[in-house]
Structures are given as C-alpha cells and as structure tokens.
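Heads up, the thing below is written out as structure tokens.
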Amino acid sequence: MSKYDVIIIGSGIGGLCCGSILSLSGKKVLILEAHSQPGGVAHSFNIKGYKFESGPSLWSGISKWPTTNPLGQILKLLDEKVELIKYQGWHVSVPEGEFNLEVGQEPFKKRISLLRGDKSVKEWNSFLSAIKPLSQIVSEIPLLSNSPETMNFLEIIRLASKFIPNINLLPKINGGFGDIVDNHLKDPFLRNWVDLLSFLISGMPMHDTNSAAMASLFDEWFDPESYLEYPKGGSESIVKALVNALKKNGGELILSSKVDSINFSQNMASGVTLENGSKFISDFVVMNTDAWTSRKLIPREITKKWTPKAENIKKCGSFLHIHLGFDASGLQNLPIHAIHVDDWNRGITAERNVAVFSIPSVLDSGMAPKGKHVLHGYTPANEPWEIWENLKPHESTYKNLKEERCSIFLKSLRKIIPDIDNRIEIKLFGTPLTHKKFTNTSCGSYGPALSAAQGLFPGCKTPVKNLLSCGASTFPGIGIPAVSASGAYAAEQIIGNKAYKNLLKMIDL
Ligand SMILES: Cc1cc2nc3c(=O)[nH]c(=O)nc-3n(C[C@H](O)[C@H](O)[C@H](O)COP(=O)(O)OP(=O)(O)OC[C@H]3O[C@@H](n4cnc5c(N)ncnc54)[C@H](O)[C@@H]3O)c2cc1C
C-alpha cells in the first residue's frame, strides 16, 4: 500500500487549490473524489456537443495582475494560465422592469436615476462613499497571506498600522453588511438590490452576509473600470488548470472513489478507507467535504470529544436547476447572464422567487454545437430539501413536482426569448436530489448558513492535529474566492508558515 504525505477528500475548488499548492511545495498528494468528474459543484458535463455547467458562473479578478482574488493568485503561483473572456453586461428582470445593466458605477447610477430619481442616486453615492474605506482595508489585507489562524501579533500590528485613520472601521469588516445598508439606504429598490447581491454571494440576506465579502464585491463590480470574466471552455478550464498543476508536480487524483471513513491510530488521522474497501495511508488528511459529510467520515469515538458544532450548524437551502441546449438562429444581443426576481415583497429568501441564468455560448461559441446555445439556470439556494428528501426519482410524484417547481425557469426565460419553447433541443431539470447526487453535498445544500452577525466561519484546524478541512464550510466561507483561500490555509498548516510565506513571495504577496 503506497503512503502519501497528504490525502484530500474531495476535488472541489478548495481541495484542488490545497492539493496543487501542496504538490508544488514537494508533498506527495492524493485527492480522492467520489464523482466521475473533478471540480465539485464547479464540474461540468457534455451531451451531444453541449458543455453544461453545473455551478459557478460569475467570475472576476482572475485574469488581471495584481489581483485580490485568491484563485487568481493561486493560478499565478502555480504558473497555470486560463483564458478569460471579459464582458460587462447582464440582463435584469425585476418588478420595476426589464433592462440590460453593465458593471461599473455609471451604468447603475443611470439606471437608478431612470427608475427611482436623483434623490436615490444621492443615497447610492453616500452608500458607496461609506463602503469605499472598507473596500480599501479589504484590498490591503490579501486573504491568501493572512490566514486568521497563523497571523502573529507583529503581523496584526503591521496590518493595523496601515489603517490608523480608518481603524474604527475594522470591527465592521466582519459584521453583517445589512447594518451599513441600514445607515445609508432607504430607497426600497436599492435595499432590495443589495439584498439580492448579498444573497447571491452568501446564500443569506444582507444582515447575515459578511461585510468584507461585500466590500470586495463592490470594489470589483462598481469600480469605474470594472468587468466580469468567463473562463473560455467554462468552469472546466479552471478545474483542468488546477488538476494539471497537481499532476505536473507529482500529485494524483483518483475519481469515482468515495471515501467511507477516515482511519485513526492513537487519536491521529492515519489515512482513509473507500466505500469499495480500498485503504490509503497518509500523514495528513484534509476534508474538502461539507461540515455534515465530514462529521460522518470521522468515527464517533473521535468526534464525541469535540463540541458537536456540525450538528448545530444551520444549512443554506438547495437548488432547482435547468440545463437547455437550444437553437440560436436569429437571436441577437442575448445576454450572457440574466437574473429574474418575481416579487421583492416575498423577500429574497423566498422559494422560487429568484432565478439566475447563464448562456456562456454567447461569449464562447465552443460551449455549444454550431448554431446552438447552452444555458444553465438555477434558483439560488432557496429550494427546501424537506419537500424532496423522501421522494424517489422514478416515481410520478417526483416527476410531477419537478415539472411544477421548475416551471419558474421557462416562465422567466420567455421574457428574454419569447419562443424559447420551440427552440429547445435538450432540456434537463434538476432538483435538490439531483444536486446532492452529483455534488455529494449534505441535503444538496449551498453550505453553512452562518450569519456574519454571529461571527466567522470555523478555521481549517480540527481538534485532531493532522486532520484539516477546507472548502465552503471553512473560513472565509462560500464562493470560489473564499474556498480557494481556505484550500491555501489548509496547505499552510501542513507545510508550515515559513515555507508558505516563501511560496507567496514568488508572487510578491
Ligand atoms: C449553482 C451554484 C452556483 C454558484 N455560483 C457561484 C458563482 O457564480 N461565483 C462564485 O464565486 N461561487 C458560486 N457558487 C459557490 C461555489 O461554486 C462553491 O462555494 C465552491 O465551488 C465550493 O467548493 P468546495 O471546495 O467547498 O467544494 P465542493 O464543490 O463542495 O466539492 C466537494 C467535493 O467533495 C466530493 N466528496 C464529497 N464527499 C466525498 C467523499 N465521501 N469521498 C470523496 N469525495 C467526496 C464531492 O463529490 C465534491 O466533488 C455557486 C454554487 C452553486 C451550487
């Protein structure tokens, strides 16, 4: 049986970042992935020449250098290049109307002026001025080089000294964003808009969404020069780059290998056993699984000594998905992204009230056969697991409920493409059961619903010294930039702070 320095359970973006940094630093790494594809929720699949995406579609800050995006920094460190296509606009369908919106300050201000008048523009300006110093602080603290678990006293003083004029703002950074909104925005449209952006980032409303995450989003999206990015070839290109970095430095990835349990010897992790009975030994184990799945991998006699945090953590909801392959003929100016909100009064967390669509073939024709488009749509983390958990996919009750609940997608798409029904070549609907099946997430959840108002996500350390975690259940939380940073923090724990800092010096961080 071969022995590894590190075994990582799961090849989500967090696990891949962790593994590729570790193999760059000379560790012998094995990543074990339950699914037949790497990437976790960012995996994709091909049918009849269409490349279907399953998860993230909003990317930014990866192609430019310098960047504050931890994934952009990690790709640079790994010397992996991904082609990113720049774009600015998305389509917005809200109760106030249908419009195309570009990222950047001026287009949104024009839209506010048209929809709500100049008083609301003033409100927005004062809100942006309040966020600016927060964004500056966040951009001065590179997430990658400041793991909260390893920062020492001197580093804290050094960082704090940069912000002396704004030092009173530091506590706000880790609080809920809604408090800042309450102080500056009264206009209902603007409040709803920020609530929507917060929900898309964290799966929670603005009062529960971390201010640092929102300050960096505002910095990127509302900067006068801002743009968004889409990886050419889709999320798969990012995943491929990370897998390539892992393998070129000697790391291994084994797909279709579900870990059944983590093995322990004298209260230390000693390797893993797969569902098929195969065993692997290692000095360290990193769990890229969500908090609830991780718990189940650890024997009871080990976890019973811990505070049972995972059992008490509230979960974000799950997803409904739609995947379409459709005829592109005659469709001009289709947006790459569209967001639809049915009714603000129902609240941003309400079921089937918000749908997000992306049509990547608008930017990258290679994502679909010639003359066709590929579309992925989802309801963002507000589909309740409970109404699905006892249904069986082959039964008519399940099929009927799926048709009924997924009808929200075509209903909103008809506003953008009125004859969409006649154009469809492939149509796939997905439910929380589908999401769970292909991503191996507990209850198909987006991740922990940990309110920023209550504190930070747990760090990557566990009470067992050589057992670590990374991914959306670990600090700094959900989303591609966050899970990338968490993967780096777990790697830092293994290679040591000094070796990690030396790696970061290679990219001037
Ligand atoms: C629909 C959707 C849209 C999103 N949109 C965006 C976006 O636009 N921008 C953004 O920044 N973020 C977005 N996110 C969030 C972001 O994609 C995720 O937070 C992030 O990708 C999660 O990465 P992770 O490292 O936590 O691992 P995950 O992606 O959760 O992967 C974990 C991996 O572990 C594997 N695994 C689980 N159990 C086992 C086991 N027992 N043995 C072996 N392997 C196992 C799973 O199969 C999986 O591959 C979106 C998420 C979803 C679902």
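Each chain of the structure tokens is named A, B, ... in the order shown, its residues numbered from 1; ligands are numbered from 1 in display order.
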Next item on the list: Find the residues near range 337-348 of chain A: any atom within 7 Å, counting only C-alpha atoms, skip ones fewer than 4 places away on the same chain, and give them as a list in words.
Entry: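 With the cut-off at 7 Å, the set is Trp90, His91, Val92, Ser93, Val94, Pro95, Asn192, Asp195, Leu196, Pro205, Asn353, Val354, Ala355, Val356, Phe357, Ser358, Ile359 and Ser412 of chain A.
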With C-alpha atoms kept, could you save the residues just selected as an mmCIF file, in the first residue's frame?
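File written: selection_4.cif
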data_model
loop_
_atom_site.group_PDB
_atom_site.id
_atom_site.type_symbol
_atom_site.label_atom_id
_atom_site.label_comp_id
_atom_site.auth_asym_id
_atom_site.auth_seq_id
_atom_site.Cartn_x
_atom_site.Cartn_y
_atom_site.Cartn_z
ATOM 1 C CA TRP A 90 -26.168 41.297 -17.734
ATOM 2 C CA HIS A 91 -29.902 41.306 -18.146
ATOM 3 C CA VAL A 92 -32.063 42.228 -15.173
ATOM 4 C CA SER A 93 -35.713 41.360 -14.869
ATOM 5 C CA VAL A 94 -37.202 42.831 -11.690
ATOM 6 C CA PRO A 95 -40.701 44.050 -10.772
ATOM 7 C CA ASN A 192 -33.654 45.048 -2.387
ATOM 8 C CA ASP A 195 -30.082 42.209 -0.505
ATOM 9 C CA LEU A 196 -30.132 40.305 -3.814
ATOM 10 C CA PRO A 205 -29.803 38.066 3.319
ATOM 11 C CA ASN A 353 -38.753 33.883 -6.377
ATOM 12 C CA VAL A 354 -35.333 34.405 -7.952
ATOM 13 C CA ALA A 355 -33.742 32.658 -10.936
ATOM 14 C CA VAL A 356 -30.231 33.125 -12.316
ATOM 15 C CA PHE A 357 -29.378 32.187 -15.915
ATOM 16 C CA SER A 358 -26.140 31.990 -17.809
ATOM 17 C CA ILE A 359 -25.689 31.394 -21.530
ATOM 18 C CA SER A 412 -38.994 33.823 -16.779
#
Next item on the list: May I have the residues within 8 Å of range 48-62 of chain A as a ChimeraX atom specification, using only C-alpha atoms and disregarding those fewer than 5 positions away in the same chain?
Entry: /A:41-43,67-69,71-73,84,220,227-231,234-235,323,325,358,367-369,374-376,480
Next item on the list: For Leu217 in chain A, list every protein, DNA or RNA residue within 10 Å, evaluated using only C-alpha atoms, and leave out those in the same chain fewer than 6 positions away; present the list as a list in words.
Entry: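 Non-adjacent residues within range: Ser60, Ser135, Leu197, Ser198, Ile201, Ser211 and Asp223 of chain A.
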Next item on the list: Compile the contact shell of Leu75 in chain A as a PyMOL selection string: residues with an atom at most 12 Å away, counting only C-alpha atoms, same-chain residues fewer than 3 positions apart removed.
Entry: chain A and resi 13+16-18+20-21+24+61-65+67+69-72+78-83+237-246+481+484-485+488+504+507
Please produce a file of those selected residues containing N, CA and C atoms, as an mmCIF file, in the first residue's frame.
data_model
loop_
_atom_site.group_PDB
_atom_site.id
_atom_site.type_symbol
_atom_site.label_atom_id
_atom_site.label_comp_id
_atom_site.auth_asym_id
_atom_site.auth_seq_id
_atom_site.Cartn_x
_atom_site.Cartn_y
_atom_site.Cartn_z
ATOM 1 N N ILE A 13 -13.100 23.084 -5.678
ATOM 2 C CA ILE A 13 -12.057 24.087 -5.941
ATOM 3 C C ILE A 13 -11.149 24.231 -4.703
ATOM 4 N N LEU A 16 -8.784 21.213 -4.619
ATOM 5 C CA LEU A 16 -7.805 21.280 -5.712
ATOM 6 C C LEU A 16 -6.752 22.360 -5.435
ATOM 7 N N CYS A 17 -7.184 23.509 -4.878
ATOM 8 C CA CYS A 17 -6.205 24.564 -4.548
ATOM 9 C C CYS A 17 -5.248 24.038 -3.479
ATOM 10 N N CYS A 18 -5.810 23.368 -2.463
ATOM 11 C CA CYS A 18 -4.970 22.835 -1.389
ATOM 12 C C CYS A 18 -3.960 21.835 -1.967
ATOM 13 N N SER A 20 -2.902 21.319 -5.071
ATOM 14 C CA SER A 20 -1.915 21.784 -6.045
ATOM 15 C C SER A 20 -0.835 22.624 -5.358
ATOM 16 N N ILE A 21 -1.188 23.356 -4.304
ATOM 17 C CA ILE A 21 -0.159 24.122 -3.557
ATOM 18 C C ILE A 21 0.769 23.136 -2.823
ATOM 19 N N LEU A 24 3.093 21.495 -5.261
ATOM 20 C CA LEU A 24 4.119 22.471 -5.656
ATOM 21 C C LEU A 24 5.224 22.547 -4.598
ATOM 22 N N GLY A 61 -11.771 39.041 -11.508
ATOM 23 C CA GLY A 61 -10.483 39.231 -10.828
ATOM 24 C C GLY A 61 -9.512 38.079 -11.005
ATOM 25 N N ILE A 62 -9.662 37.279 -12.065
ATOM 26 C CA ILE A 62 -8.735 36.154 -12.238
ATOM 27 C C ILE A 62 -7.652 36.483 -13.266
ATOM 28 N N SER A 63 -8.036 37.198 -14.331
ATOM 29 C CA SER A 63 -7.047 37.406 -15.404
ATOM 30 C C SER A 63 -6.089 38.564 -15.125
ATOM 31 N N LYS A 64 -6.530 39.536 -14.300
ATOM 32 C CA LYS A 64 -5.657 40.712 -14.127
ATOM 33 C C LYS A 64 -4.580 40.433 -13.079
ATOM 34 N N TRP A 65 -3.486 41.164 -13.174
ATOM 35 C CA TRP A 65 -2.437 41.066 -12.163
ATOM 36 C C TRP A 65 -1.883 42.447 -11.898
ATOM 37 N N THR A 67 -4.024 41.056 -8.499
ATOM 38 C CA THR A 67 -5.437 40.832 -8.220
ATOM 39 C C THR A 67 -5.611 40.542 -6.742
ATOM 40 N N ASN A 69 -8.110 38.534 -5.926
ATOM 41 C CA ASN A 69 -8.838 37.267 -5.922
ATOM 42 C C ASN A 69 -7.877 36.103 -5.607
ATOM 43 N N PRO A 70 -8.109 35.380 -4.500
ATOM 44 C CA PRO A 70 -7.194 34.299 -4.125
ATOM 45 C C PRO A 70 -7.021 33.250 -5.222
ATOM 46 N N LEU A 71 -8.073 32.966 -6.001
ATOM 47 C CA LEU A 71 -7.915 31.957 -7.064
ATOM 48 C C LEU A 71 -6.954 32.484 -8.138
ATOM 49 N N GLY A 72 -7.084 33.770 -8.487
ATOM 50 C CA GLY A 72 -6.176 34.382 -9.464
ATOM 51 C C GLY A 72 -4.736 34.298 -8.954
ATOM 52 N N LEU A 78 0.908 28.834 -9.339
ATOM 53 C CA LEU A 78 1.057 27.511 -9.960
ATOM 54 C C LEU A 78 1.542 27.610 -11.403
ATOM 55 N N ASP A 79 1.661 28.845 -11.881
ATOM 56 C CA ASP A 79 2.042 29.107 -13.267
ATOM 57 C C ASP A 79 1.076 28.417 -14.246
ATOM 58 N N GLU A 80 -0.207 28.529 -13.954
ATOM 59 C CA GLU A 80 -1.245 27.963 -14.830
ATOM 60 C C GLU A 80 -2.010 29.110 -15.486
ATOM 61 N N LYS A 81 -2.159 29.021 -16.793
ATOM 62 C CA LYS A 81 -2.855 30.105 -17.489
ATOM 63 C C LYS A 81 -4.217 29.631 -17.972
ATOM 64 N N VAL A 82 -5.234 30.428 -17.686
ATOM 65 C CA VAL A 82 -6.578 30.130 -18.185
ATOM 66 C C VAL A 82 -7.011 31.355 -18.978
ATOM 67 N N GLU A 83 -7.555 31.118 -20.169
ATOM 68 C CA GLU A 83 -8.027 32.266 -20.951
ATOM 69 C C GLU A 83 -9.377 32.725 -20.404
ATOM 70 N N SER A 237 -12.283 24.683 -17.424
ATOM 71 C CA SER A 237 -10.918 25.141 -17.717
ATOM 72 C C SER A 237 -10.166 25.482 -16.431
ATOM 73 N N ILE A 238 -10.897 26.046 -15.464
ATOM 74 C CA ILE A 238 -10.270 26.361 -14.164
ATOM 75 C C ILE A 238 -9.916 25.047 -13.461
ATOM 76 N N VAL A 239 -10.882 24.121 -13.488
ATOM 77 C CA VAL A 239 -10.664 22.823 -12.824
ATOM 78 C C VAL A 239 -9.472 22.110 -13.476
ATOM 79 N N LYS A 240 -9.455 22.123 -14.815
ATOM 80 C CA LYS A 240 -8.352 21.445 -15.532
ATOM 81 C C LYS A 240 -7.006 22.058 -15.161
ATOM 82 N N ALA A 241 -6.956 23.393 -15.049
ATOM 83 C CA ALA A 241 -5.688 24.065 -14.714
ATOM 84 C C ALA A 241 -5.203 23.620 -13.336
ATOM 85 N N LEU A 242 -6.132 23.513 -12.376
ATOM 86 C CA LEU A 242 -5.734 23.110 -11.018
ATOM 87 C C LEU A 242 -5.299 21.642 -10.993
ATOM 88 N N VAL A 243 -6.022 20.791 -11.753
ATOM 89 C CA VAL A 243 -5.651 19.363 -11.808
ATOM 90 C C VAL A 243 -4.284 19.231 -12.483
ATOM 91 N N ASN A 244 -4.074 20.015 -13.525
ATOM 92 C CA ASN A 244 -2.783 19.983 -14.225
ATOM 93 C C ASN A 244 -1.650 20.367 -13.281
ATOM 94 N N ALA A 245 -1.904 21.426 -12.473
ATOM 95 C CA ALA A 245 -0.872 21.878 -11.524
ATOM 96 C C ALA A 245 -0.577 20.778 -10.501
ATOM 97 N N LEU A 246 -1.633 20.097 -10.072
ATOM 98 C CA LEU A 246 -1.446 18.998 -9.108
ATOM 99 C C LEU A 246 -0.562 17.912 -9.709
ATOM 100 N N PRO A 481 -13.699 32.516 -4.602
ATOM 101 C CA PRO A 481 -12.514 33.126 -3.975
ATOM 102 C C PRO A 481 -12.304 32.596 -2.555
ATOM 103 N N SER A 484 -11.023 28.934 -2.375
ATOM 104 C CA SER A 484 -9.630 28.880 -2.832
ATOM 105 C C SER A 484 -8.703 29.264 -1.679
ATOM 106 N N ALA A 485 -9.071 30.348 -0.971
ATOM 107 C CA ALA A 485 -8.251 30.781 0.176
ATOM 108 C C ALA A 485 -8.224 29.702 1.248
ATOM 109 N N ALA A 488 -5.741 27.090 0.524
ATOM 110 C CA ALA A 488 -4.373 27.557 0.772
ATOM 111 C C ALA A 488 -4.059 27.526 2.268
ATOM 112 N N LEU A 504 4.546 32.327 -1.263
ATOM 113 C CA LEU A 504 3.821 33.543 -1.641
ATOM 114 C C LEU A 504 4.765 34.645 -2.129
ATOM 115 N N ILE A 507 5.138 35.237 -5.749
ATOM 116 C CA ILE A 507 4.187 36.077 -6.488
ATOM 117 C C ILE A 507 4.031 37.450 -5.806
#
Checklist line | Which of range 191-238 of chain A DSSP labels alpha helix (DSSP H), written as number ranges by chain | finding: A: 191-202, 211-221, 235-238
Check: If we count only C-alpha atoms, what is near range 429-433 of chain A at a cut-off of 9 Å, once residues fewer than 5 positions away on the same chain are taken out, given as a list in words?
Finding: Gly317, Ser318, Phe319, Leu320, His321, Ile322, His323, Leu324, Tyr378, Glu383, Pro384, Trp385, Trp388, Glu389, Leu391, Pro393, Lys402, Glu403, Arg405, Cys406, Phe438, Cys443, Gly444 and Ser445 of chain A
Using C-alpha atoms, can you write the selected residues to a file as a tab-separated table (two decimals), in the first residue's frame?
chain	number	residue	atom	x	y	z
A	317	GLY	CA	-31.23	25.71	1.17
A	318	SER	CA	-30.68	23.74	-2.02
A	319	PHE	CA	-31.22	24.33	-5.75
A	320	LEU	CA	-33.51	23.78	-8.69
A	321	HIS	CA	-31.58	23.63	-11.97
A	322	ILE	CA	-32.39	23.87	-15.66
A	323	HIS	CA	-30.00	22.92	-18.47
A	324	LEU	CA	-31.02	23.79	-22.02
A	378	TYR	CA	-30.80	27.84	-11.06
A	383	GLU	CA	-35.20	25.34	-2.55
A	384	PRO	CA	-36.24	23.44	0.59
A	385	TRP	CA	-34.70	19.97	0.93
A	388	TRP	CA	-37.86	16.36	-1.80
A	389	GLU	CA	-35.99	14.16	0.64
A	391	LEU	CA	-39.32	11.21	-2.96
A	393	PRO	CA	-36.76	9.92	-8.79
A	402	LYS	CA	-40.11	18.57	-10.63
A	403	GLU	CA	-42.11	19.81	-13.66
A	405	ARG	CA	-41.44	23.65	-9.47
A	406	CYS	CA	-39.04	24.01	-12.41
A	438	PHE	CA	-23.76	14.86	-8.39
A	443	CYS	CA	-29.10	17.77	1.64
A	444	GLY	CA	-27.87	19.41	-1.60
A	445	SER	CA	-27.07	22.50	0.50
Item checked: All residues 10 Å or closer to Gly26 in chain A, only C-alpha atoms, same chain fewer than 2 positions away omitted, as JSON, numbers by chain -> {"A": [5, 20, 21, 22, 23, 24, 28, 29, 249, 250, 251, 495]}
Notebook entry, point to check: Between A:Thr289, A:Asn276, A:Asn174, A:Gln105, which is the closest to Asp208 in chain A once you count only C-alpha atoms?
Noted result: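 Comparing A:Thr289, A:Asn276, A:Asn174, A:Gln105 against Asp208 in chain A, the winner is A:Asn174.
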Item checked: Shortest interatomic distance to ligand 1 - which of A:Phe264, A:Phe284, A:Tyr446, A:Phe222, counting only C-alpha atoms and all ligand atoms ->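 Under the stated criterion, the closest residue is A:Tyr446.
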Notebook entry, point to check: A:Ile74, A:Leu32, A:Leu331, A:Ile387: which is nearest Ile420 in chain A, counting only C-alpha atoms?
Noted result: A:Leu331
Item checked: Contacts of Met204 in chain A within 8 Å, only C-alpha atoms, excl. fewer than 3 positions in-chain, as a PyMOL selection string -> chain A and resi 198-201+208-209+316+349+449+451
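Minimum distance to ligand 1 across A:Ile31, A:Leu467, A:Val181, A:Leu410 (counting only C-alpha atoms and all ligand atoms) occurs at A:Ile31.
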Item checked: range 363-439 of chain A: residues DSSP assigns to strand (DSSP E or B), reported as a list of chain:residue names ->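 Everything in range 363-439 of chain A that counts as strand (DSSP E or B) is A:Lys372, A:His373, A:Val374, A:Leu375, A:His376, A:Gly377, A:Tyr378, A:Glu383, A:Ile424, A:Glu425, A:Ile426, A:Lys427, A:Leu428, A:Phe429, A:Gly430.
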Margin query: Let me make sure I understand: among A:Thr441, A:Asn382, A:Ser361, A:Ser282, which one has the smallest atom-to-atom distance to ligand 1 if we use only C-alpha atoms and all ligand atoms?
Written below: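 Using only C-alpha atoms and all ligand atoms, ligand 1 sits closest to A:Thr441.
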Next item on the list: Name the closest residue to ligand 1 among the candidates A:Pro66, A:Pro380, A:Gly178, A:Gly40; distances are taken between atoms, counting only C-alpha atoms and all ligand atoms.
Entry: A:Gly40
Margin query: Can you measure CA of Pro142 in chain A to atom 33 (C, counted along the ligand's line) of ligand 1 for me? One decimal in Å is fine.
Written below: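 Here the two named atoms are 25.5 Å from each other.
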Note to self: Rounded to one decimal, what separation in Å do you get between CA of Asn267 in chain A and CA of Ile494 in chain A?
What the structure shows: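 Separating CA of Asn267 in chain A from CA of Ile494 in chain A is a distance of 17.8 Å.
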Note to self: Could you tell me how far CA of Pro448 in chain A sits from atom 19 (O, counted along the ligand's line) of ligand 1, in Å to one decimal place?
What the structure shows: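 Between these atoms lies a distance of 10.3 Å.
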